[in-house]
$ cat work_15.cif   # mmCIF, C-alpha atoms
data_model
#
loop_
_atom_site.group_PDB
_atom_site.id
_atom_site.type_symbol
_atom_site.label_atom_id
_atom_site.label_comp_id
_atom_site.auth_asym_id
_atom_site.auth_seq_id
_atom_site.Cartn_x
_atom_site.Cartn_y
_atom_site.Cartn_z
ATOM 1 C CA MET A 1 65.736 108.288 98.772
ATOM 2 C CA ASN A 2 69.346 109.252 98.109
ATOM 3 C CA GLY A 3 71.195 106.419 99.818
ATOM 4 C CA PHE A 4 71.622 102.652 100.035
ATOM 5 C CA PRO A 5 70.415 99.848 102.348
ATOM 6 C CA LEU A 6 72.665 97.936 104.741
ATOM 7 C CA SER A 7 72.773 94.192 105.234
ATOM 8 C CA GLY A 8 74.589 91.528 107.214
ATOM 9 C CA ALA A 9 77.110 92.449 109.881
ATOM 10 C CA LEU A 10 77.036 96.145 108.991
ATOM 11 C CA ASP A 11 73.263 96.218 109.487
ATOM 12 C CA ASP A 12 73.706 94.639 112.928
ATOM 13 C CA ARG A 13 76.452 97.096 113.812
ATOM 14 C CA ALA A 14 74.301 100.029 112.713
ATOM 15 C CA ARG A 15 71.419 98.872 114.903
ATOM 16 C CA ASP A 16 73.732 98.520 117.906
ATOM 17 C CA ILE A 17 75.107 102.028 117.398
ATOM 18 C CA MET A 18 71.667 103.546 116.853
ATOM 19 C CA ALA A 19 70.423 101.844 120.041
ATOM 20 C CA GLY A 20 73.398 103.083 122.069
ATOM 21 C CA ARG A 21 74.802 99.605 122.662
ATOM 22 C CA LEU A 22 77.986 100.394 120.722
ATOM 23 C CA ALA A 23 79.974 103.623 120.460
ATOM 24 C CA PRO A 24 81.056 104.878 117.007
ATOM 25 C CA VAL A 25 84.754 104.739 116.160
ATOM 26 C CA ARG A 26 86.448 108.132 116.134
ATOM 27 C CA PRO A 27 87.396 109.038 112.525
ATOM 28 C CA ARG A 28 91.010 109.643 111.534
ATOM 29 C CA ASP A 29 91.990 112.889 109.840
ATOM 30 C CA ALA A 30 92.744 112.225 106.178
ATOM 31 C CA ALA A 31 93.225 114.018 102.868
ATOM 32 C CA THR A 32 92.688 113.124 99.228
ATOM 33 C CA VAL A 33 93.512 114.966 96.008
ATOM 34 C CA ALA A 34 91.767 114.864 92.645
ATOM 35 C CA VAL A 35 94.642 115.530 90.234
ATOM 36 C CA VAL A 36 93.346 116.871 86.919
ATOM 37 C CA ARG A 37 94.926 117.568 83.531
ATOM 38 C CA PRO A 38 93.724 118.834 80.131
ATOM 39 C CA ALA A 39 92.136 116.205 77.904
ATOM 40 C CA VAL A 40 92.611 115.983 74.133
ATOM 41 C CA PRO A 41 91.121 117.699 72.207
ATOM 42 C CA SER A 42 89.258 119.487 75.020
ATOM 43 C CA GLY A 43 87.898 119.028 78.511
ATOM 44 C CA LEU A 44 89.735 117.465 81.401
ATOM 45 C CA GLU A 45 90.783 114.126 82.837
ATOM 46 C CA VAL A 46 91.219 113.039 86.439
ATOM 47 C CA TYR A 47 93.640 110.500 87.891
ATOM 48 C CA LEU A 48 92.112 107.490 89.661
ATOM 49 C CA ILE A 49 93.659 104.486 91.349
ATOM 50 C CA ARG A 50 91.930 101.159 91.983
ATOM 51 C CA ARG A 51 92.539 99.899 95.486
ATOM 52 C CA LYS A 52 93.532 96.269 95.863
ATOM 53 C CA VAL A 53 90.745 93.910 96.881
ATOM 54 C CA SER A 54 92.835 92.941 99.921
ATOM 55 C CA MET A 55 92.585 96.448 101.426
ATOM 56 C CA ALA A 56 90.560 96.869 104.616
ATOM 57 C CA PHE A 57 88.946 100.095 103.376
ATOM 58 C CA ALA A 58 87.373 100.714 99.942
ATOM 59 C CA ALA A 59 88.606 97.386 98.573
ATOM 60 C CA GLY A 60 88.364 97.289 94.790
ATOM 61 C CA ALA A 61 87.121 100.876 94.563
ATOM 62 C CA TYR A 62 88.451 103.579 92.257
ATOM 63 C CA VAL A 63 89.570 106.537 94.362
ATOM 64 C CA PHE A 64 91.759 109.632 94.251
ATOM 65 C CA PRO A 65 95.231 109.465 95.835
ATOM 66 C CA GLY A 66 95.034 110.042 99.568
ATOM 67 C CA GLY A 67 95.353 108.678 103.060
ATOM 68 C CA SER A 68 95.581 109.379 106.759
ATOM 69 C CA VAL A 69 97.467 112.238 108.353
ATOM 70 C CA ASP A 70 100.784 111.116 109.856
ATOM 71 C CA ARG A 71 101.423 112.646 113.294
ATOM 72 C CA ARG A 72 104.697 114.015 111.876
ATOM 73 C CA ASP A 73 102.660 115.934 109.276
ATOM 74 C CA VAL A 74 101.223 117.843 112.218
ATOM 75 C CA GLU A 75 104.252 118.075 114.499
ATOM 76 C CA GLN A 76 107.153 118.829 112.149
ATOM 77 C CA PRO A 77 107.475 122.259 110.494
ATOM 78 C CA VAL A 78 107.236 122.412 106.703
ATOM 79 C CA ALA A 79 107.886 125.494 104.573
ATOM 80 C CA PHE A 80 104.759 126.522 102.680
ATOM 81 C CA HIS A 81 104.589 128.710 99.589
ATOM 82 C CA GLY A 82 101.031 129.959 99.292
ATOM 83 C CA PRO A 83 98.302 129.874 101.922
ATOM 84 C CA SER A 84 99.744 129.320 105.398
ATOM 85 C CA PRO A 85 98.427 126.709 107.854
ATOM 86 C CA GLU A 86 96.507 129.518 109.533
ATOM 87 C CA GLU A 87 94.876 130.480 106.227
ATOM 88 C CA TRP A 88 94.119 126.845 105.450
ATOM 89 C CA ALA A 89 92.522 126.523 108.878
ATOM 90 C CA GLY A 90 89.968 129.126 107.838
ATOM 91 C CA LEU A 91 89.352 127.417 104.509
ATOM 92 C CA LEU A 92 88.996 123.949 106.021
ATOM 93 C CA GLY A 93 87.132 124.881 109.185
ATOM 94 C CA THR A 94 89.716 123.600 111.639
ATOM 95 C CA ASP A 95 92.742 124.745 113.673
ATOM 96 C CA ALA A 96 96.131 125.623 112.184
ATOM 97 C CA SER A 97 97.880 122.503 113.435
ATOM 98 C CA THR A 98 95.278 120.171 111.946
ATOM 99 C CA ALA A 99 95.230 122.190 108.724
ATOM 100 C CA ARG A 100 99.023 121.854 108.385
ATOM 101 C CA GLY A 101 98.695 118.102 108.815
ATOM 102 C CA LEU A 102 95.921 117.861 106.233
ATOM 103 C CA VAL A 103 97.776 119.879 103.589
ATOM 104 C CA CYS A 104 101.012 117.949 104.192
ATOM 105 C CA ALA A 105 99.110 114.652 104.004
ATOM 106 C CA ALA A 106 97.453 115.748 100.757
ATOM 107 C CA VAL A 107 100.792 116.476 99.075
ATOM 108 C CA ARG A 108 102.640 113.528 100.636
ATOM 109 C CA GLU A 109 99.972 110.954 99.789
ATOM 110 C CA THR A 110 99.667 112.261 96.235
ATOM 111 C CA PHE A 111 103.396 111.752 95.759
ATOM 112 C CA GLU A 112 103.282 108.313 97.387
ATOM 113 C CA GLU A 113 100.369 107.096 95.254
ATOM 114 C CA SER A 114 100.970 108.793 91.916
ATOM 115 C CA GLY A 115 104.526 110.156 91.807
ATOM 116 C CA VAL A 116 103.166 113.706 91.475
ATOM 117 C CA LEU A 117 104.872 116.164 93.819
ATOM 118 C CA LEU A 118 103.360 119.589 94.516
ATOM 119 C CA ALA A 119 106.629 121.105 95.686
ATOM 120 C CA GLY A 120 109.489 123.131 94.283
ATOM 121 C CA PRO A 121 112.666 125.005 95.194
ATOM 122 C CA GLY A 122 110.590 128.160 95.655
ATOM 123 C CA GLY A 123 107.344 129.792 94.744
ATOM 124 C CA ASP A 124 108.121 130.168 91.044
ATOM 125 C CA GLY A 125 108.418 126.531 90.036
ATOM 126 C CA VAL A 126 107.773 122.861 90.765
ATOM 127 C CA VAL A 127 109.923 119.774 90.562
ATOM 128 C CA ALA A 128 110.119 118.906 86.865
ATOM 129 C CA ASP A 129 110.520 115.143 87.087
ATOM 130 C CA THR A 130 110.226 112.597 89.901
ATOM 131 C CA THR A 131 110.847 109.389 87.977
ATOM 132 C CA GLY A 132 114.501 108.722 88.830
ATOM 133 C CA GLU A 133 115.787 106.000 91.141
ATOM 134 C CA ASP A 134 116.625 108.485 93.890
ATOM 135 C CA TRP A 135 113.079 109.840 93.847
ATOM 136 C CA GLU A 136 111.699 106.321 93.966
ATOM 137 C CA ALA A 137 113.887 105.502 96.985
ATOM 138 C CA ASP A 138 112.498 108.543 98.797
ATOM 139 C CA ARG A 139 108.934 107.666 97.821
ATOM 140 C CA LEU A 140 109.310 104.166 99.211
ATOM 141 C CA ALA A 141 110.840 105.564 102.405
ATOM 142 C CA LEU A 142 107.813 107.832 102.815
ATOM 143 C CA VAL A 143 105.453 104.910 102.224
ATOM 144 C CA GLY A 144 107.366 102.830 104.778
ATOM 145 C CA LYS A 145 107.388 105.771 107.225
ATOM 146 C CA THR A 146 111.163 105.602 107.651
ATOM 147 C CA LEU A 147 111.342 109.144 106.250
ATOM 148 C CA SER A 148 109.103 112.010 107.328
ATOM 149 C CA PHE A 149 107.637 114.370 104.760
ATOM 150 C CA ALA A 150 109.276 117.360 106.458
ATOM 151 C CA ALA A 151 112.702 115.705 106.338
ATOM 152 C CA PHE A 152 112.180 114.705 102.705
ATOM 153 C CA LEU A 153 111.441 118.285 101.635
ATOM 154 C CA ALA A 154 114.198 119.798 103.763
ATOM 155 C CA ARG A 155 116.859 117.428 102.438
ATOM 156 C CA ARG A 156 115.943 118.299 98.868
ATOM 157 C CA GLY A 157 115.636 122.023 99.533
ATOM 158 C CA LEU A 158 111.953 122.112 98.565
ATOM 159 C CA VAL A 159 108.938 124.053 99.777
ATOM 160 C CA LEU A 160 105.384 122.733 99.727
ATOM 161 C CA ARG A 161 103.405 124.545 97.016
ATOM 162 C CA SER A 162 100.184 124.988 98.963
ATOM 163 C CA ASP A 163 99.086 127.501 96.333
ATOM 164 C CA LEU A 164 98.634 124.607 93.878
ATOM 165 C CA LEU A 165 95.902 123.016 96.008
ATOM 166 C CA ARG A 166 92.257 124.041 96.098
ATOM 167 C CA PRO A 167 89.861 122.891 98.850
ATOM 168 C CA TRP A 168 86.934 120.956 97.389
ATOM 169 C CA ALA A 169 84.874 119.035 99.958
ATOM 170 C CA HIS A 170 84.746 117.508 103.421
ATOM 171 C CA TRP A 171 83.391 113.976 103.858
ATOM 172 C CA ILE A 172 83.152 111.981 107.085
ATOM 173 C CA THR A 173 82.673 108.213 107.027
ATOM 174 C CA PRO A 174 79.269 107.170 108.465
ATOM 175 C CA GLU A 175 79.268 106.405 112.176
ATOM 176 C CA VAL A 176 78.188 102.806 111.569
ATOM 177 C CA GLU A 177 81.475 101.911 109.836
ATOM 178 C CA ALA A 178 84.236 100.210 111.817
ATOM 179 C CA LEU A 179 86.975 102.102 109.935
ATOM 180 C CA ARG A 180 86.263 105.825 109.661
ATOM 181 C CA PHE A 181 87.958 108.869 108.138
ATOM 182 C CA ASP A 182 87.407 112.620 108.441
ATOM 183 C CA THR A 183 88.584 113.508 104.945
ATOM 184 C CA ARG A 184 89.247 116.825 103.260
ATOM 185 C CA PHE A 185 89.076 116.657 99.476
ATOM 186 C CA PHE A 186 91.358 118.875 97.391
ATOM 187 C CA VAL A 187 91.887 119.410 93.656
ATOM 188 C CA ALA A 188 95.175 120.184 91.900
ATOM 189 C CA ALA A 189 96.414 120.427 88.335
ATOM 190 C CA LEU A 190 99.138 118.059 87.170
ATOM 191 C CA PRO A 191 102.326 120.190 87.288
ATOM 192 C CA PRO A 192 104.038 120.860 83.946
ATOM 193 C CA GLY A 193 106.632 118.218 83.111
ATOM 194 C CA GLN A 194 105.522 115.739 85.757
ATOM 195 C CA ARG A 195 104.051 112.344 84.934
ATOM 196 C CA THR A 196 101.949 109.952 86.951
ATOM 197 C CA ARG A 197 103.037 106.363 87.063
ATOM 198 C CA ASP A 198 101.877 103.021 88.378
ATOM 199 C CA VAL A 199 103.600 103.015 91.753
ATOM 200 C CA GLY A 200 101.923 99.907 93.185
ATOM 201 C CA GLY A 201 101.419 99.701 96.923
ATOM 202 C CA GLU A 202 97.728 99.968 97.765
ATOM 203 C CA ALA A 203 96.687 100.137 94.088
ATOM 204 C CA ASP A 204 96.534 97.440 91.422
ATOM 205 C CA LEU A 205 95.552 99.755 88.546
ATOM 206 C CA VAL A 206 95.789 103.467 87.717
ATOM 207 C CA THR A 207 94.044 105.444 85.007
ATOM 208 C CA TRP A 208 93.366 108.903 83.596
ATOM 209 C CA VAL A 209 89.701 109.279 82.690
ATOM 210 C CA ARG A 210 87.183 111.986 81.893
ATOM 211 C CA PRO A 211 84.902 112.458 84.913
ATOM 212 C CA ALA A 212 81.746 111.842 82.848
ATOM 213 C CA ASP A 213 83.222 108.623 81.447
ATOM 214 C CA ALA A 214 84.120 107.410 84.944
ATOM 215 C CA LEU A 215 80.548 108.075 86.062
ATOM 216 C CA ALA A 216 79.183 106.162 83.077
ATOM 217 C CA ARG A 217 81.465 103.217 83.797
ATOM 218 C CA GLY A 218 80.398 103.326 87.430
ATOM 219 C CA ALA A 219 76.729 103.241 86.460
ATOM 220 C CA ALA A 220 77.458 100.280 84.158
ATOM 221 C CA GLY A 221 79.148 98.371 86.978
ATOM 222 C CA GLU A 222 82.595 98.603 85.395
ATOM 223 C CA MET A 223 84.010 100.834 88.139
ATOM 224 C CA ARG A 224 83.234 100.659 91.829
ATOM 225 C CA LEU A 225 82.798 104.264 92.950
ATOM 226 C CA MET A 226 82.202 105.200 96.560
ATOM 227 C CA THR A 227 79.714 107.989 97.246
ATOM 228 C CA PRO A 228 82.279 110.791 97.883
ATOM 229 C CA THR A 229 84.228 109.836 94.749
ATOM 230 C CA ARG A 230 81.087 109.681 92.639
ATOM 231 C CA ARG A 231 79.884 113.036 93.941
ATOM 232 C CA THR A 232 83.276 114.656 93.264
ATOM 233 C CA LEU A 233 83.417 113.230 89.737
ATOM 234 C CA SER A 234 79.930 114.588 89.104
ATOM 235 C CA GLU A 235 81.021 118.034 90.265
ATOM 236 C CA LEU A 236 84.210 117.932 88.173
ATOM 237 C CA ALA A 237 82.160 116.924 85.118
ATOM 238 C CA GLU A 238 80.300 120.239 85.350
ATOM 239 C CA HIS A 239 83.452 122.158 84.350
ATOM 240 C CA ASP A 240 84.833 122.618 80.853
ATOM 241 C CA ASP A 241 88.536 122.591 81.658
ATOM 242 C CA VAL A 242 91.187 122.539 84.377
ATOM 243 C CA ALA A 243 91.176 126.313 84.788
ATOM 244 C CA ALA A 244 87.453 126.273 85.490
ATOM 245 C CA VAL A 245 87.902 123.592 88.145
ATOM 246 C CA LEU A 246 90.630 125.548 89.910
ATOM 247 C CA ALA A 247 88.566 128.751 89.786
ATOM 248 C CA ALA A 248 85.333 127.158 90.990
ATOM 249 C CA PRO A 249 83.963 128.732 94.191
ATOM 250 C CA ARG A 250 83.454 126.143 96.911
ATOM 251 C CA GLU A 251 81.712 126.226 100.265
ATOM 252 C CA ILE A 252 83.320 123.556 102.439
ATOM 253 C CA ALA A 253 80.884 121.996 104.899
ATOM 254 C CA PRO A 254 81.175 118.537 106.452
ATOM 255 C CA ILE A 255 79.039 115.817 104.888
ATOM 256 C CA LEU A 256 78.255 112.932 107.238
ATOM 257 C CA PRO A 257 75.950 110.299 105.714
ATOM 258 C CA ALA A 258 73.621 109.024 108.429
ATOM 259 C CA ALA A 259 72.001 105.701 109.267
ATOM 260 C CA VAL A 260 68.183 105.803 109.327
ATOM 261 C CA GLU A 261 65.535 103.116 109.655
ATOM 262 C CA VAL A 262 62.984 102.941 106.842
ATOM 263 C CA ASP A 263 60.217 100.332 106.952
ATOM 264 C CA GLY A 264 62.348 98.099 109.150
ATOM 265 C CA ASP A 265 65.494 98.405 107.010
ATOM 266 C CA ILE A 266 68.611 100.427 107.846
ATOM 267 C CA TRP A 267 69.722 102.840 105.139
ATOM 268 C CA ILE A 268 72.732 105.112 104.801
ATOM 269 C CA VAL A 269 71.391 108.450 103.628
ATOM 270 C CA GLU A 270 73.569 111.118 102.071
ATOM 271 C CA ARG A 271 73.054 114.439 103.754
ATOM 272 C CA PRO A 272 75.216 117.277 105.143
#

$ encode --input "work_15.cif" --output "structure tokens"
Amino acid sequence: MNGFPLSGALDDRARDIMAGRLAPVRPRDAATVAVVRPAVPSGLEVYLIRRKVSMAFAAGAYVFPGGSVDRRDVEQPVAFHGPSPEEWAGLLGTDASTARGLVCAAVRETFEESGVLLAGPGGDGVVADTTGEDWEADRLALVGKTLSFAAFLARRGLVLRSDLLRPWAHWITPEVEALRFDTRFFVAALPPGQRTRDVGGEADLVTWVRPADALARGAAGEMRLMTPTRRTLSELAEHDDVAAVLAAPREIAPILPAAVEVDGDIWIVERP
């Protein structure tokens, strides 16, 4: 069986939900981005952050940059270069307003958690460097929610480069969890000239790693990898380079792992 058994309080919660005694929590819209770059001498690497053990969700796990949609991502207009919110709605299987929020969250959270910014003064370039003190002040303001993403871009005269994102997957946290996310996964190449950096916050470690190596370390118990992360790394490992990843055809369908009872035990089973 492709899944894992539950125990303790989560097992009890699952039984209550399956019996109708407890209603599932509604998942929050969220976005995450697998940022990739060429490896030396060949292949590709992906950027991972390790979430602090104090975090309520995915504590201690290695994940891609990402997070929840801010209501301002949905409500405030942002200039896109590339696919429009309406076009993204078709790609992501949602409405234009939600799609705008997801794409904005993907770019905003990537900047907040890695320093990588998929934006530029127009459609023919991206910001070359985001490591200065003024950029850091803006990043911290975004993290603290004292600055909206739309206001940040407008003040700097930037447009969101939606053409640099590719839709990859759609995962929904199992209904038995108390904290749930409806997450669209994207991939993007590290823009020329930009560098990732350890920006702290929710992470206590960051790393660039070949997808196959991350999977091997996960299997050896050296990296905690959640199911969506592990599946994405496995899919990335099938490609020879960054260009192949960005060109890969993808069919985006929601994946909602389900709770099932097997011989008296409750399992979470991975299935669309």

$ resolve_selection --input "work_15.cif" --expression "the PyMOL selection byres ((chain A and resi 105-122) around 7)" --output "ChimeraX atom specification"
/A:31-33,65-69,73,101-104,123-127,130,139,143,149,157-161,164,194-199

$ write_last_selection --input "work_15.cif" --atoms "C-alpha atoms" --output "short mmCIF file (atom, residue, chain, number, x, y, z; two decimals), in the coordinates of the input"
data_model
loop_
_atom_site.label_atom_id
_atom_site.label_comp_id
_atom_site.auth_asym_id
_atom_site.auth_seq_id
_atom_site.Cartn_x
_atom_site.Cartn_y
_atom_site.Cartn_z
CA ALA A 31 93.22 114.02 102.87
CA THR A 32 92.69 113.12 99.23
CA VAL A 33 93.51 114.97 96.01
CA PRO A 65 95.23 109.46 95.84
CA GLY A 66 95.03 110.04 99.57
CA GLY A 67 95.35 108.68 103.06
CA SER A 68 95.58 109.38 106.76
CA VAL A 69 97.47 112.24 108.35
CA ASP A 73 102.66 115.93 109.28
CA GLY A 101 98.70 118.10 108.82
CA LEU A 102 95.92 117.86 106.23
CA VAL A 103 97.78 119.88 103.59
CA CYS A 104 101.01 117.95 104.19
CA GLY A 123 107.34 129.79 94.74
CA ASP A 124 108.12 130.17 91.04
CA GLY A 125 108.42 126.53 90.04
CA VAL A 126 107.77 122.86 90.76
CA VAL A 127 109.92 119.77 90.56
CA THR A 130 110.23 112.60 89.90
CA ARG A 139 108.93 107.67 97.82
CA VAL A 143 105.45 104.91 102.22
CA PHE A 149 107.64 114.37 104.76
CA GLY A 157 115.64 122.02 99.53
CA LEU A 158 111.95 122.11 98.56
CA VAL A 159 108.94 124.05 99.78
CA LEU A 160 105.38 122.73 99.73
CA ARG A 161 103.40 124.54 97.02
CA LEU A 164 98.63 124.61 93.88
CA GLN A 194 105.52 115.74 85.76
CA ARG A 195 104.05 112.34 84.93
CA THR A 196 101.95 109.95 86.95
CA ARG A 197 103.04 106.36 87.06
CA ASP A 198 101.88 103.02 88.38
CA VAL A 199 103.60 103.02 91.75
#

$ residues_around --input "work_15.cif" --residues "A:Asp213" --least-positions-apart "2" --cutoff "12 Å" --atoms "all atoms listed in the file" --output "list of chain:residue names"
A:Gly43, A:Leu44, A:Glu45, A:Val46, A:Thr207, A:Trp208, A:Val209, A:Arg210, A:Pro211, A:Leu215, A:Ala216, A:Arg217, A:Gly218, A:Ala219, A:Ala220, A:Glu222, A:Met223, A:Arg230, A:Leu233, A:Ser234, A:Leu236, A:Ala237

$ write_last_selection --input "work_15.cif" --atoms "C-alpha atoms" --output "PDB file, in the coordinates of the input"
ATOM      1  CA  GLY A  43      87.898 119.028  78.511  1.00  0.00           C
ATOM      2  CA  LEU A  44      89.735 117.465  81.401  1.00  0.00           C
ATOM      3  CA  GLU A  45      90.783 114.126  82.837  1.00  0.00           C
ATOM      4  CA  VAL A  46      91.219 113.039  86.439  1.00  0.00           C
ATOM      5  CA  THR A 207      94.044 105.444  85.007  1.00  0.00           C
ATOM      6  CA  TRP A 208      93.366 108.903  83.596  1.00  0.00           C
ATOM      7  CA  VAL A 209      89.701 109.279  82.690  1.00  0.00           C
ATOM      8  CA  ARG A 210      87.183 111.986  81.893  1.00  0.00           C
ATOM      9  CA  PRO A 211      84.902 112.458  84.913  1.00  0.00           C
ATOM     10  CA  LEU A 215      80.548 108.075  86.062  1.00  0.00           C
ATOM     11  CA  ALA A 216      79.183 106.162  83.077  1.00  0.00           C
ATOM     12  CA  ARG A 217      81.465 103.217  83.797  1.00  0.00           C
ATOM     13  CA  GLY A 218      80.398 103.326  87.430  1.00  0.00           C
ATOM     14  CA  ALA A 219      76.729 103.241  86.460  1.00  0.00           C
ATOM     15  CA  ALA A 220      77.458 100.280  84.158  1.00  0.00           C
ATOM     16  CA  GLU A 222      82.595  98.603  85.395  1.00  0.00           C
ATOM     17  CA  MET A 223      84.010 100.834  88.139  1.00  0.00           C
ATOM     18  CA  ARG A 230      81.087 109.681  92.639  1.00  0.00           C
ATOM     19  CA  LEU A 233      83.417 113.230  89.737  1.00  0.00           C
ATOM     20  CA  SER A 234      79.930 114.588  89.104  1.00  0.00           C
ATOM     21  CA  LEU A 236      84.210 117.932  88.173  1.00  0.00           C
ATOM     22  CA  ALA A 237      82.160 116.924  85.118  1.00  0.00           C
TER      23      ALA A 237
END

$ closest_residue --input "work_15.cif" --among "A:His239, A:His170, A:Arg72, A:Arg155" --to "A:Pro257" --atoms "all atoms listed in the file"
A:His170

$ resolve_selection --input "work_15.cif" --expression "the PyMOL selection byres ((chain A and resi 83-95) around 10)" --output "number ranges by chain"
A: 78-82, 96-104, 161-170, 184-185, 250-254

$ resolve_selection --input "work_15.cif" --expression "the PyMOL selection byres ((chain A and resi 24) around 12)" --output "PDB file with C-alpha atoms, in the frame of the given file"
ATOM      1  CA  ARG A  13      76.452  97.096 113.812  1.00  0.00           C
ATOM      2  CA  ALA A  14      74.301 100.029 112.713  1.00  0.00           C
ATOM      3  CA  ARG A  15      71.419  98.872 114.903  1.00  0.00           C
ATOM      4  CA  ASP A  16      73.732  98.520 117.906  1.00  0.00           C
ATOM      5  CA  ILE A  17      75.107 102.028 117.398  1.00  0.00           C
ATOM      6  CA  MET A  18      71.667 103.546 116.853  1.00  0.00           C
ATOM      7  CA  ALA A  19      70.423 101.844 120.041  1.00  0.00           C
ATOM      8  CA  GLY A  20      73.398 103.083 122.069  1.00  0.00           C
ATOM      9  CA  ARG A  21      74.802  99.605 122.662  1.00  0.00           C
ATOM     10  CA  LEU A  22      77.986 100.394 120.722  1.00  0.00           C
ATOM     11  CA  ALA A  23      79.974 103.623 120.460  1.00  0.00           C
ATOM     12  CA  VAL A  25      84.754 104.739 116.160  1.00  0.00           C
ATOM     13  CA  ARG A  26      86.448 108.132 116.134  1.00  0.00           C
ATOM     14  CA  PRO A  27      87.396 109.038 112.525  1.00  0.00           C
ATOM     15  CA  THR A 173      82.673 108.213 107.027  1.00  0.00           C
ATOM     16  CA  PRO A 174      79.269 107.170 108.465  1.00  0.00           C
ATOM     17  CA  GLU A 175      79.268 106.405 112.176  1.00  0.00           C
ATOM     18  CA  VAL A 176      78.188 102.806 111.569  1.00  0.00           C
ATOM     19  CA  GLU A 177      81.475 101.911 109.836  1.00  0.00           C
ATOM     20  CA  ALA A 178      84.236 100.210 111.817  1.00  0.00           C
ATOM     21  CA  LEU A 179      86.975 102.102 109.935  1.00  0.00           C
ATOM     22  CA  ARG A 180      86.263 105.825 109.661  1.00  0.00           C
ATOM     23  CA  PHE A 181      87.958 108.869 108.138  1.00  0.00           C
ATOM     24  CA  ALA A 259      72.001 105.701 109.267  1.00  0.00           C
TER      25      ALA A 259
END

$ closest_residue --input "work_15.cif" --among "A:Ala258, A:Ile49, A:Pro77, A:Ala247" --to "A:Val63" --atoms "all atoms listed in the file"
A:Ile49

$ axis_aligned_box --input "work_15.cif" --around "stretch 254-272 of chain A" --padding-each-side "3 Å" --output "lines of an AutoDock Vina configuration file"
center_x = 70.7
center_y = 108.3
center_z = 105.9
size_x = 27.0
size_y = 26.4
size_z = 13.6

$ atom_distance --input "work_15.cif" --atom1 "atom CA of A:Pro192" --atom2 "atom CA of A:Ala141"
24.9 Å

$ atom_distance --input "work_15.cif" --atom1 "atom CA of A:Ile255" --atom2 "atom CA of A:Leu205"
28.2 Å

$ closest_residue --input "work_15.cif" --among "A:Ala128, A:Val187, A:Ala214, A:Val74" --to "A:Ala244" --atoms "only C-alpha atoms"
A:Val187

$ atom_distance --input "work_15.cif" --atom1 "atom CA of A:Asp204" --atom2 "atom CA of A:Phe4"
26.9 Å

$ closest_residue --input "work_15.cif" --among "A:Asp12, A:Asp129, A:Asp182, A:Glu136" --to "A:Ala30" --atoms "all atoms listed in the file"
A:Asp182

$ residues_near_point --input "work_15.cif" --point "(94.8, 117.1, 82.8)" --cutoff "8 Å" --atoms "only C-alpha atoms" --output "JSON, numbers by chain"
{"A": [35, 36, 37, 38, 39, 44, 45, 46, 189, 190, 242]}

$ write_last_selection --input "work_15.cif" --atoms "C-alpha atoms" --output "PDB file, keeping the file's coordinate frame"
ATOM      1  CA  VAL A  35      94.642 115.530  90.234  1.00  0.00           C
ATOM      2  CA  VAL A  36      93.346 116.871  86.919  1.00  0.00           C
ATOM      3  CA  ARG A  37      94.926 117.568  83.531  1.00  0.00           C
ATOM      4  CA  PRO A  38      93.724 118.834  80.131  1.00  0.00           C
ATOM      5  CA  ALA A  39      92.136 116.205  77.904  1.00  0.00           C
ATOM      6  CA  LEU A  44      89.735 117.465  81.401  1.00  0.00           C
ATOM      7  CA  GLU A  45      90.783 114.126  82.837  1.00  0.00           C
ATOM      8  CA  VAL A  46      91.219 113.039  86.439  1.00  0.00           C
ATOM      9  CA  ALA A 189      96.414 120.427  88.335  1.00  0.00           C
ATOM     10  CA  LEU A 190      99.138 118.059  87.170  1.00  0.00           C
ATOM     11  CA  VAL A 242      91.187 122.539  84.377  1.00  0.00           C
TER      12      VAL A 242
END

$ residues_around --input "work_15.cif" --residues "A:Val260" --least-positions-apart "4" --cutoff "9 Å" --atoms "all atoms listed in the file" --output "JSON, numbers by chain"
{"A": [18, 265, 266, 267, 268, 269]}

$ decode --input "work_15.cif" --residues "stretch 7-12 of chain A" --atoms "N, CA, C and O atoms" --output "PDB file, in the first residue's frame"
ATOM      1  N   SER A   7      -1.252   7.220  14.181  1.00  0.00           N
ATOM      2  CA  SER A   7      -1.226   6.778  15.574  1.00  0.00           C
ATOM      3  C   SER A   7      -1.552   7.953  16.480  1.00  0.00           C
ATOM      4  O   SER A   7      -1.550   9.115  16.045  1.00  0.00           O
ATOM      5  N   GLY A   8      -1.836   7.667  17.726  1.00  0.00           N
ATOM      6  CA  GLY A   8      -2.056   8.700  18.724  1.00  0.00           C
ATOM      7  C   GLY A   8      -3.243   9.587  18.439  1.00  0.00           C
ATOM      8  O   GLY A   8      -4.296   9.141  17.951  1.00  0.00           O
ATOM      9  N   ALA A   9      -3.069  10.885  18.725  1.00  0.00           N
ATOM     10  CA  ALA A   9      -4.162  11.842  18.603  1.00  0.00           C
ATOM     11  C   ALA A   9      -4.657  11.969  17.160  1.00  0.00           C
ATOM     12  O   ALA A   9      -5.853  12.163  16.929  1.00  0.00           O
ATOM     13  N   LEU A  10      -3.750  11.838  16.198  1.00  0.00           N
ATOM     14  CA  LEU A  10      -4.167  11.961  14.803  1.00  0.00           C
ATOM     15  C   LEU A  10      -5.033  10.774  14.386  1.00  0.00           C
ATOM     16  O   LEU A  10      -5.987  10.932  13.612  1.00  0.00           O
ATOM     17  N   ASP A  11      -4.735   9.604  14.929  1.00  0.00           N
ATOM     18  CA  ASP A  11      -5.573   8.427  14.665  1.00  0.00           C
ATOM     19  C   ASP A  11      -6.976   8.658  15.225  1.00  0.00           C
ATOM     20  O   ASP A  11      -7.983   8.383  14.555  1.00  0.00           O
ATOM     21  N   ASP A  12      -7.059   9.180  16.443  1.00  0.00           N
ATOM     22  CA  ASP A  12      -8.358   9.465  17.052  1.00  0.00           C
ATOM     23  C   ASP A  12      -9.123  10.503  16.252  1.00  0.00           C
ATOM     24  O   ASP A  12     -10.340  10.381  16.034  1.00  0.00           O
TER      25      ASP A  12
END
